[in-house]
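Right, one structure below, let's go through it.
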2 protein chains.
Amino acid sequence: MSDPSAPVPHVVIVGGGFGGLTAAKALKHKPVRVTLVDRQNHHLFQMLLYQVATAGLSPGDIASPIRWILRRQTNTRVLMADVLRVDAAAKTLITDVGPIAFDYLILAPGVTHSYFGHDEWRVHAPGLKTLDDALAIRRRLLLAFERAEAAEAAEERAAWLNFAVIGGGPTGVELAGTLAEIARHTLRNEFRHIDPAEAKVRLLEAGPRVLSSFPESLSAKARAQLQRLGVEVVTGVPVDAIDADGYSLDGQAVLARTVIWAAGVAASPLGALLAAPRDRAGRVQVNADLSVPGHPGIFVAGDLASVQQDGRPVPGVAPAAKQMGAHVARVIRERLRSREGSAAPAPAFRYRDFGNLATIGRMAAVVHFGRLKLSGLPAWWFWLLIHVFFLIGFRNRLIVLINWAWAYWSYQRHARIILGGTDPPSD
Amino acid sequence: MSDPSAPVPHVVIVGGGFGGLTAAKALKHKPVRVTLVDRQNHHLFQMLLYQVATAGLSPGDIASPIRWILRRQTNTRVLMADVLRVDAAAKTLITDVGPIAFDYLILAPGVTHSYFGHDEWRVHAPGLKTLDDALAIRRRLLLAFERAEAAEAAEERAAWLNFAVIGGGPTGVELAGTLAEIARHTLRNEFRHIDPAEAKVRLLEAGPRVLSSFPESLSAKARAQLQRLGVEVVTGVPVDAIDADGYSLDGQAVLARTVIWAAGVAASPLGALLAAPRDRAGRVQVNADLSVPGHPGIFVAGDLASVQQDGRPVPGVAPAAKQMGAHVARVIRERLRSREGSAAPAPAFRYRDFGNLATIGRMAAVVHFGRLKLSGLPAWWFWLLIHVFFLIGFRNRLIVLINWAWAYWSYQRHARIILGGTDPPSD
């Protein structure tokens, strides 16, 4: 146990996601003081965020207060604050609740959306990174069906029943598949003027195939499963405009009131606070031990770190962020030991790729683990077990399983609550 | 079964709360078309709203989409819309999605907050009527502890740890009791700079006692139970000012950043849309059969109706609203029958009072049913069973019971998620 009054080194961690939280936990009972700073009060199980956006789960089912997770870790303080600046020379983090001096700094802030230079699209096509994003998307999806039911003109009705998801990565595939399921099954019998099953759900991917990080055979299976669910998959054509009325594809305007952005990520703006080289996406090009060039006491973990391994970039996924968080904690522990005599060179980070999985909808998923390739129902069960297992907290696992069982049996989604009054979305 | 193309009378119901929903259900399979209009998409189990405000339950646990509840009632359409005007002469309801002609109109919009002429207090002391209200209060409560942990000055810290609930009715008692429990138990061990148990929770009631609708002996028991939970109960002194820094009691300013309003209700502004007599609280003074004087085809049900019975007003509680909704549906059915010949005078509404119950906190409640008076643990069990029993939907009951069991066993509240970024509340 550490004595908080002793002059032990202070490790400041920015970000309570998978990278930051893993680093904090790996410093439990170690001779350091830890301060974890996050602008949110909760750790988010991001892999199930699309379930909140599609009303299958509530925010509290996939998020836990960071200070609750770390409540028994007495050498660690959690602080809800916004980071304004990093003063690397003075070893001080400047936040909106005051400056925090550090001996070691771990930046693990994650990513934000990138609209590829079209920031004016943001208001019309929200992205999905936070719980607030998920609730905003849920509101739009549910309100679209309400507006369609109330619409008098056929064209107006069609505009509200046209949905587009832009980006064919795992998030886009999950959103499009679940949205089709909602329209065809969940809402059946609930409307009198419209038939929700007439909703058109389009998944738009500029590249040649969906789920491009998977083998081609699984991409093809995912596409087929999406089509079976009623999703129209369009690949190879980039979106060239988005406004309040819809989007334009290869110069052709499509009327669609609900467009969701799942196409691009950009590094957190925190990366720009360091005087360090960054790649095109804004990620910090770290040393082999994940320290920042020129700042041996500052590390980057998770999606903000640009790491090449065997000629390919380490992907921005939760397992990579966790492994980086654990690695940085290990480097700091070894540095502390080497101060006490046993100098060892900082080990290089190596990403261990356990595999890749994505869900598509009811009983449909694709899994790629080494030589194992699964699709359809077996992949879906595999996906479900893995995700429920890694959820934090016994209660969350139980509640999520019950919600899933109920959804499976009844096709219902319990969180179909429109919050924020009747005002239409921004447009 | 009704044929939607037949020229059956059209009953329009405004409000999907207990009054409106009960009326709609009572018209199932009757020879009418029903349209239920609500500005929200969900029916809300309002008695558990304080649990959402105090992070014990999620919005989806206590709310269900109205159109889901009525999905099998084929003569009924649900429309999410705002009511703008009632044209009684033309028998038309004007909404933001267009006009709706009616043969019968049932107004059941519920109540809103009253700040007794001090509308400037609203921004500093939010009330609790909707899910949006509950989430705004939850955000304030949770952020107050975060701000206290980050505060450097002792006075600042104290201001964030001072909580006041204004109004000693059931909602105020529930909020104050639960808030004290959170500070003393739920948040224990999670903070490093503050001790949440040092939070001061005050319940302010201008009248002589809390729970004034209960017998005096139960008011006294409720007060004792509140004090045991750590709530300071102040009665007989009205609040005379509220601003961003706190409130003033009998001319004395108290620094408190978190003030919640549970003191007054006002009738929905919809009541003013009718050319009908209203009482001081703005409620419509209806005829004995709940029709509006001068407008035999328009009825008021629930909290908006001002009904005297045996010299006392019928209280604004869920059972009264349900009974009124059922009564109005019955009057309409009898009118339809009498058109076919068997003329009978419209029966007068009579409220059947089954009793009164309020919860105070963990294992503490008061119950008054006829001659039965309970307090403490037996009252709490009674309260729990009654409330879970009346929740709509099997899933909700199961999930709420699990959440309660978990909260009981662990003292935890799973929905402690701050949404809406890090910005402080309005002040």
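Each chain of the structure tokens is named A, B, ... in the order shown, its residues numbered from 1; ligands are numbered from 1 in display order.
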
message: I'd like to know which residues of segment 342-377 of chain B are strand (DSSP E) (by DSSP, run on the backbone); could you write them as a ChimeraX atom specification?
response: /B:356-361,364-369,372-375

Generate the output file for the selected residues, C-alpha atoms, as a PDB file, in the first residue's frame.
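Okay, this is what ended up in out-v5.pdb:
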```pdb
ATOM      1  CA  ASN B 356     -51.779   6.960   0.175  1.00  0.00           C
ATOM      2  CA  LEU B 357     -48.174   5.899   0.292  1.00  0.00           C
ATOM      3  CA  ALA B 358     -44.742   7.524   0.082  1.00  0.00           C
ATOM      4  CA  THR B 359     -41.242   6.143   0.263  1.00  0.00           C
ATOM      5  CA  ILE B 360     -38.479   7.876   2.177  1.00  0.00           C
ATOM      6  CA  GLY B 361     -35.333   5.873   1.496  1.00  0.00           C
ATOM      7  CA  ALA B 364     -38.286   3.500   5.051  1.00  0.00           C
ATOM      8  CA  ALA B 365     -41.755   4.513   3.907  1.00  0.00           C
ATOM      9  CA  VAL B 366     -45.203   5.468   5.186  1.00  0.00           C
ATOM     10  CA  VAL B 367     -48.478   3.891   4.131  1.00  0.00           C
ATOM     11  CA  HIS B 368     -52.037   5.032   4.886  1.00  0.00           C
ATOM     12  CA  PHE B 369     -54.758   2.775   3.545  1.00  0.00           C
ATOM     13  CA  LEU B 372     -54.082   0.775   8.013  1.00  0.00           C
ATOM     14  CA  LYS B 373     -51.095   2.910   8.957  1.00  0.00           C
ATOM     15  CA  LEU B 374     -47.632   1.481   8.367  1.00  0.00           C
ATOM     16  CA  SER B 375     -44.166   2.976   8.569  1.00  0.00           C
TER      17      SER B 375
END
```

Kindly provide the residues of chain B that approach chain A to within 8 Å, each paired with its closest atom pair and their distance in Å to one decimal, based on only C-alpha atoms, listed by chain and increasing number, as CSV.
```
residue,atom,partner,partner_atom,distance
B:Arg39,CA,A:Thr422,CA,6.0
B:Gln40,CA,A:Gly421,CA,6.6
B:Asn41,CA,A:Ile418,CA,6.1
B:His42,CA,A:Ile417,CA,6.2
B:Ser58,CA,A:Ser58,CA,6.7
B:Pro59,CA,A:Ile417,CA,7.5
B:Gly60,CA,A:Ala415,CA,4.6
B:Asp61,CA,A:His414,CA,7.8
B:Ala63,CA,A:Ile417,CA,7.2
B:Ser64,CA,A:Ile417,CA,7.1
B:Pro65,CA,A:Arg416,CA,6.4
B:Arg67,CA,A:Glu190,CA,5.5
B:Trp68,CA,A:Glu190,CA,6.1
B:Leu70,CA,A:Glu190,CA,7.6
B:Arg71,CA,A:Glu190,CA,4.7
B:Arg72,CA,A:Asn189,CA,7.2
B:Arg77,CA,A:Arg192,CA,6.0
B:Val78,CA,A:Phe191,CA,7.5
B:Leu79,CA,A:Ala150,CA,6.8
B:Met80,CA,A:Glu146,CA,6.4
B:Ala81,CA,A:Thr422,CA,7.2
B:Asp82,CA,A:Thr422,CA,7.5
B:Val97,CA,A:Ala150,CA,6.3
B:Leu131,CA,A:Leu419,CA,7.1
B:Asp132,CA,A:Leu419,CA,6.2
B:Glu146,CA,A:Met80,CA,6.4
B:Glu149,CA,A:Leu79,CA,7.5
B:Ala150,CA,A:Val97,CA,6.4
B:Ala151,CA,A:Val97,CA,7.6
B:Asn189,CA,A:Arg71,CA,5.8
B:Glu190,CA,A:Arg71,CA,4.7
B:Phe191,CA,A:Arg77,CA,7.1
B:Arg192,CA,A:Arg77,CA,6.1
B:Arg395,CA,A:Trp406,CA,7.2
B:Ile399,CA,A:Ile399,CA,7.0
B:Asn403,CA,A:Arg395,CA,8.0
B:Trp406,CA,A:Arg395,CA,7.2
B:His414,CA,A:Gly60,CA,6.1
B:Ala415,CA,A:Gly60,CA,4.6
B:Arg416,CA,A:Pro65,CA,6.4
B:Ile417,CA,A:His42,CA,6.2
B:Ile418,CA,A:Asn41,CA,6.1
B:Leu419,CA,A:Asp132,CA,6.2
B:Gly420,CA,A:Asp132,CA,6.2
B:Gly421,CA,A:Gln40,CA,6.6
B:Thr422,CA,A:Arg39,CA,6.0
```

query: If you run DSSP on the backbone, which residues of segment 148-396 of chain B are helix (DSSP H, G or I), as a ChimeraX atom specification?
result: /B:148-150,154-160,170-186,196-198,216-229,269-273,302-304,318-339,376-390,394-396

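Interatomic distance, atom CA of Leu21 of chain B against atom CA of Met47 of chain B: 15.8 Å.
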
task: Please identify all polymer residues within 10 Å of segment 300-308 of chain B, counting only C-alpha atoms, omitting same-chain residues fewer than 5 positions from it, and present them as a PyMOL selection string.
output: chain B and resi 13-15+17-20+22-23+105-112+265-271+277-292+313-328+349-351

message: Need the shell around Pro208 of chain A: protein/DNA/RNA residues with any atom at most 12 Å away, counting only C-alpha atoms. Skip same-chain ones fewer than 6 positions apart. Format as a PyMOL selection string?
response: chain A and resi 167-169+216+219-220+223+233-238

With all heavy atoms kept, could you save the residues just selected as an mmCIF file, in the first residue's frame?
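In the end it all went to part_35.cif:
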```cif
data_model
loop_
_atom_site.group_PDB
_atom_site.id
_atom_site.type_symbol
_atom_site.label_atom_id
_atom_site.label_comp_id
_atom_site.auth_asym_id
_atom_site.auth_seq_id
_atom_site.Cartn_x
_atom_site.Cartn_y
_atom_site.Cartn_z
ATOM 1 N N GLY A 167 -20.431 4.779 -44.222
ATOM 2 C CA GLY A 167 -19.243 4.106 -43.692
ATOM 3 C C GLY A 167 -19.523 2.643 -43.420
ATOM 4 O O GLY A 167 -20.393 2.315 -42.615
ATOM 5 N N GLY A 168 -18.785 1.760 -44.085
ATOM 6 C CA GLY A 168 -19.047 0.327 -44.002
ATOM 7 C C GLY A 168 -18.123 -0.411 -43.058
ATOM 8 O O GLY A 168 -17.906 -1.611 -43.214
ATOM 9 N N GLY A 169 -17.586 0.270 -42.052
ATOM 10 C CA GLY A 169 -16.806 -0.415 -41.011
ATOM 11 C C GLY A 169 -17.741 -1.094 -40.024
ATOM 12 O O GLY A 169 -18.955 -1.131 -40.227
ATOM 13 N N GLU A 216 -11.705 -11.055 -47.413
ATOM 14 C CA GLU A 216 -12.747 -10.767 -48.413
ATOM 15 C C GLU A 216 -13.944 -11.694 -48.298
ATOM 16 O O GLU A 216 -15.083 -11.284 -48.510
ATOM 17 C CB GLU A 216 -12.157 -10.844 -49.823
ATOM 18 C CG GLU A 216 -11.400 -9.582 -50.174
ATOM 19 C CD GLU A 216 -11.148 -9.456 -51.677
ATOM 20 O OE1 GLU A 216 -12.044 -9.844 -52.452
ATOM 21 O OE2 GLU A 216 -10.079 -8.962 -52.036
ATOM 22 N N SER A 219 -16.229 -10.328 -45.709
ATOM 23 C CA SER A 219 -16.903 -9.117 -46.205
ATOM 24 C C SER A 219 -18.103 -9.494 -47.059
ATOM 25 O O SER A 219 -19.183 -8.917 -46.937
ATOM 26 C CB SER A 219 -15.942 -8.277 -47.067
ATOM 27 O OG SER A 219 -15.004 -7.624 -46.269
ATOM 28 N N ALA A 220 -17.907 -10.476 -47.920
ATOM 29 C CA ALA A 220 -18.988 -10.903 -48.812
ATOM 30 C C ALA A 220 -20.131 -11.500 -47.995
ATOM 31 O O ALA A 220 -21.312 -11.239 -48.265
ATOM 32 C CB ALA A 220 -18.456 -11.919 -49.821
ATOM 33 N N ARG A 223 -22.027 -8.722 -46.305
ATOM 34 C CA ARG A 223 -22.886 -8.040 -47.269
ATOM 35 C C ARG A 223 -24.174 -8.829 -47.512
ATOM 36 O O ARG A 223 -25.277 -8.267 -47.520
ATOM 37 C CB ARG A 223 -22.128 -7.838 -48.577
ATOM 38 C CG ARG A 223 -22.889 -7.029 -49.578
ATOM 39 C CD ARG A 223 -22.109 -6.874 -50.887
ATOM 40 N NE ARG A 223 -22.836 -5.983 -51.756
ATOM 41 C CZ ARG A 223 -22.337 -4.918 -52.352
ATOM 42 N NH1 ARG A 223 -21.076 -4.610 -52.184
ATOM 43 N NH2 ARG A 223 -23.083 -4.154 -53.114
ATOM 44 N N VAL A 233 -26.883 -2.249 -49.761
ATOM 45 C CA VAL A 233 -25.453 -1.951 -49.579
ATOM 46 C C VAL A 233 -24.919 -1.356 -50.875
ATOM 47 O O VAL A 233 -25.033 -1.961 -51.936
ATOM 48 C CB VAL A 233 -24.674 -3.224 -49.203
ATOM 49 C CG1 VAL A 233 -23.196 -2.891 -49.000
ATOM 50 C CG2 VAL A 233 -25.264 -3.874 -47.953
ATOM 51 N N VAL A 234 -24.350 -0.150 -50.781
ATOM 52 C CA VAL A 234 -23.780 0.521 -51.946
ATOM 53 C C VAL A 234 -22.295 0.708 -51.692
ATOM 54 O O VAL A 234 -21.917 1.393 -50.726
ATOM 55 C CB VAL A 234 -24.448 1.892 -52.185
ATOM 56 C CG1 VAL A 234 -23.862 2.565 -53.424
ATOM 57 C CG2 VAL A 234 -25.951 1.744 -52.304
ATOM 58 N N THR A 235 -21.435 0.136 -52.493
ATOM 59 C CA THR A 235 -19.991 0.289 -52.297
ATOM 60 C C THR A 235 -19.361 0.961 -53.509
ATOM 61 O O THR A 235 -19.938 0.983 -54.594
ATOM 62 C CB THR A 235 -19.306 -1.076 -52.088
ATOM 63 O OG1 THR A 235 -19.705 -1.958 -53.142
ATOM 64 C CG2 THR A 235 -19.688 -1.689 -50.751
ATOM 65 N N GLY A 236 -18.191 1.536 -53.288
ATOM 66 C CA GLY A 236 -17.408 2.085 -54.393
ATOM 67 C C GLY A 236 -17.838 3.459 -54.855
ATOM 68 O O GLY A 236 -17.320 3.962 -55.850
ATOM 69 N N VAL A 237 -18.794 4.087 -54.167
ATOM 70 C CA VAL A 237 -19.239 5.425 -54.570
ATOM 71 C C VAL A 237 -19.150 6.351 -53.358
ATOM 72 O O VAL A 237 -19.803 6.102 -52.341
ATOM 73 C CB VAL A 237 -20.696 5.412 -55.090
ATOM 74 C CG1 VAL A 237 -21.034 6.745 -55.756
ATOM 75 C CG2 VAL A 237 -20.925 4.265 -56.042
ATOM 76 N N PRO A 238 -18.362 7.409 -53.434
ATOM 77 C CA PRO A 238 -18.273 8.309 -52.269
ATOM 78 C C PRO A 238 -19.462 9.272 -52.202
ATOM 79 O O PRO A 238 -20.007 9.666 -53.235
ATOM 80 C CB PRO A 238 -16.972 9.067 -52.515
ATOM 81 C CG PRO A 238 -16.806 9.063 -54.002
ATOM 82 C CD PRO A 238 -17.484 7.817 -54.534
#
```

- prompt: Restricting the calculation to only C-alpha atoms, which member of B:Lys221, B:Lys200, B:Arg209, B:Arg352 is positioned closest to Val254 of chain B?
  reply: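 When distances to Val254 of chain B are compared using only C-alpha atoms, the smallest one comes from B:Lys200.
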
- prompt: Between atom CA of Phe163 of chain A and atom CA of Asp245 of chain A, what is the distance, to one decimal in Å?
  reply: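 Computing the Euclidean distance for atom CA of Phe163 of chain A and atom CA of Asp245 of chain A yields 11.4 Å.
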
- request: For segment 153-157 of chain B, please output as JSON, numbers by chain all residues within 10 Å (counting only C-alpha atoms; exclusion window: fewer than 2 positions along the same chain).
  value: {"B": [144, 145, 147, 148, 149, 150, 151, 159, 160, 161, 162, 193, 194, 199, 255, 256, 257]}

Same residues, C-alpha atoms, output as a PDB file, in the first residue's frame:
```
ATOM      1  CA  ALA B 144     -22.037  18.673  -7.602  1.00  0.00           C
ATOM      2  CA  PHE B 145     -19.885  15.922  -6.053  1.00  0.00           C
ATOM      3  CA  ARG B 147     -17.127  19.905  -8.553  1.00  0.00           C
ATOM      4  CA  ALA B 148     -16.639  19.507  -4.813  1.00  0.00           C
ATOM      5  CA  GLU B 149     -13.812  16.998  -5.385  1.00  0.00           C
ATOM      6  CA  ALA B 150     -12.102  19.436  -7.774  1.00  0.00           C
ATOM      7  CA  ALA B 151     -12.640  22.554  -5.609  1.00  0.00           C
ATOM      8  CA  ALA B 159     -21.302  25.206  -1.503  1.00  0.00           C
ATOM      9  CA  TRP B 160     -21.171  22.151  -3.789  1.00  0.00           C
ATOM     10  CA  LEU B 161     -21.897  19.793  -0.903  1.00  0.00           C
ATOM     11  CA  ASN B 162     -24.965  21.738   0.266  1.00  0.00           C
ATOM     12  CA  HIS B 193     -10.351  15.061  -1.418  1.00  0.00           C
ATOM     13  CA  ILE B 194     -13.888  15.131  -0.022  1.00  0.00           C
ATOM     14  CA  ALA B 199     -22.831  16.602   2.284  1.00  0.00           C
ATOM     15  CA  LEU B 255     -24.800  28.916   0.092  1.00  0.00           C
ATOM     16  CA  ALA B 256     -26.020  25.825  -1.806  1.00  0.00           C
ATOM     17  CA  ARG B 257     -25.261  25.094  -5.448  1.00  0.00           C
TER      18      ARG B 257
END
```

- request: Would you mind reading off the distance between atom CA of His124 of chain A and atom CA of Ala176 of chain A, one decimal, in Å?
  value: 17.1 Å

message: Could you list, as a VMD selection string, every residue within 12 Å of Lys30 of chain A, counting only C-alpha atoms and ignoring same-chain residues fewer than 3 positions away?
response: chain A and resid 1 to 4 8 to 11 23 to 27 33 to 34 73 to 76 329 to 330 332 to 334 336 to 337

What's around Thr92 of chain B at 6 Å? Count only C-alpha atoms, leave out sequence neighbours fewer than 5 positions away in its own chain, and write the answer as a PDB file with N, CA and C atoms, in the first residue's frame.
```pdb
ATOM      1  N   ASP B  87     -60.393  24.328 -31.117  1.00  0.00           N
ATOM      2  CA  ASP B  87     -61.509  25.055 -31.727  1.00  0.00           C
ATOM      3  C   ASP B  87     -62.777  24.282 -31.372  1.00  0.00           C
ATOM      4  N   ILE B 100     -56.959  18.232 -36.263  1.00  0.00           N
ATOM      5  CA  ILE B 100     -57.595  16.922 -36.092  1.00  0.00           C
ATOM      6  C   ILE B 100     -59.039  17.164 -35.673  1.00  0.00           C
ATOM      7  N   ALA B 101     -59.993  16.738 -36.525  1.00  0.00           N
ATOM      8  CA  ALA B 101     -61.411  16.891 -36.193  1.00  0.00           C
ATOM      9  C   ALA B 101     -61.812  15.815 -35.193  1.00  0.00           C
ATOM     10  N   PHE B 102     -62.660  16.183 -34.229  1.00  0.00           N
ATOM     11  CA  PHE B 102     -63.087  15.192 -33.240  1.00  0.00           C
ATOM     12  C   PHE B 102     -64.595  15.249 -33.037  1.00  0.00           C
TER      13      PHE B 102
END
```

Under the rule of at most 8 Å, produce a per-residue listing of segment 237-325 of chain B near segment 114-123 of chain B: chain, number, name, the closest pair of atoms, and the distance in Å, as a Markdown table, using only C-alpha atoms.
```
| residue | atom | partner | partner_atom | distance |
| --- | --- | --- | --- | --- |
| B:Ala241 | CA | B:Trp121 | CA | 7.8 |
| B:Ile242 | CA | B:Trp121 | CA | 5.7 |
| B:Asp243 | CA | B:Trp121 | CA | 6.7 |
| B:Ala263 | CA | B:Ser114 | CA | 7.7 |
| B:Gly264 | CA | B:Ser114 | CA | 4.8 |
| B:Val265 | CA | B:Ser114 | CA | 4.7 |
| B:Ala266 | CA | B:Ser114 | CA | 5.0 |
```

task: Can you work out which one of A:Arg85, A:Ile182, A:Tyr411, A:Gly370 has the shortest atom-to-atom distance to Asp353 of chain A, counting only C-alpha atoms?
output: A:Gly370

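Comparing B:Val400, B:Leu84, B:Ala158, B:Leu273 by their smallest distance to Val52 of chain B, the closest is B:Val400 (using only C-alpha atoms).
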
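Each of B:Val83, B:Phe354, B:Leu211, B:His387 was checked against Thr95 of chain B using only C-alpha atoms; the smallest atom-to-atom distance is that of B:Val83.
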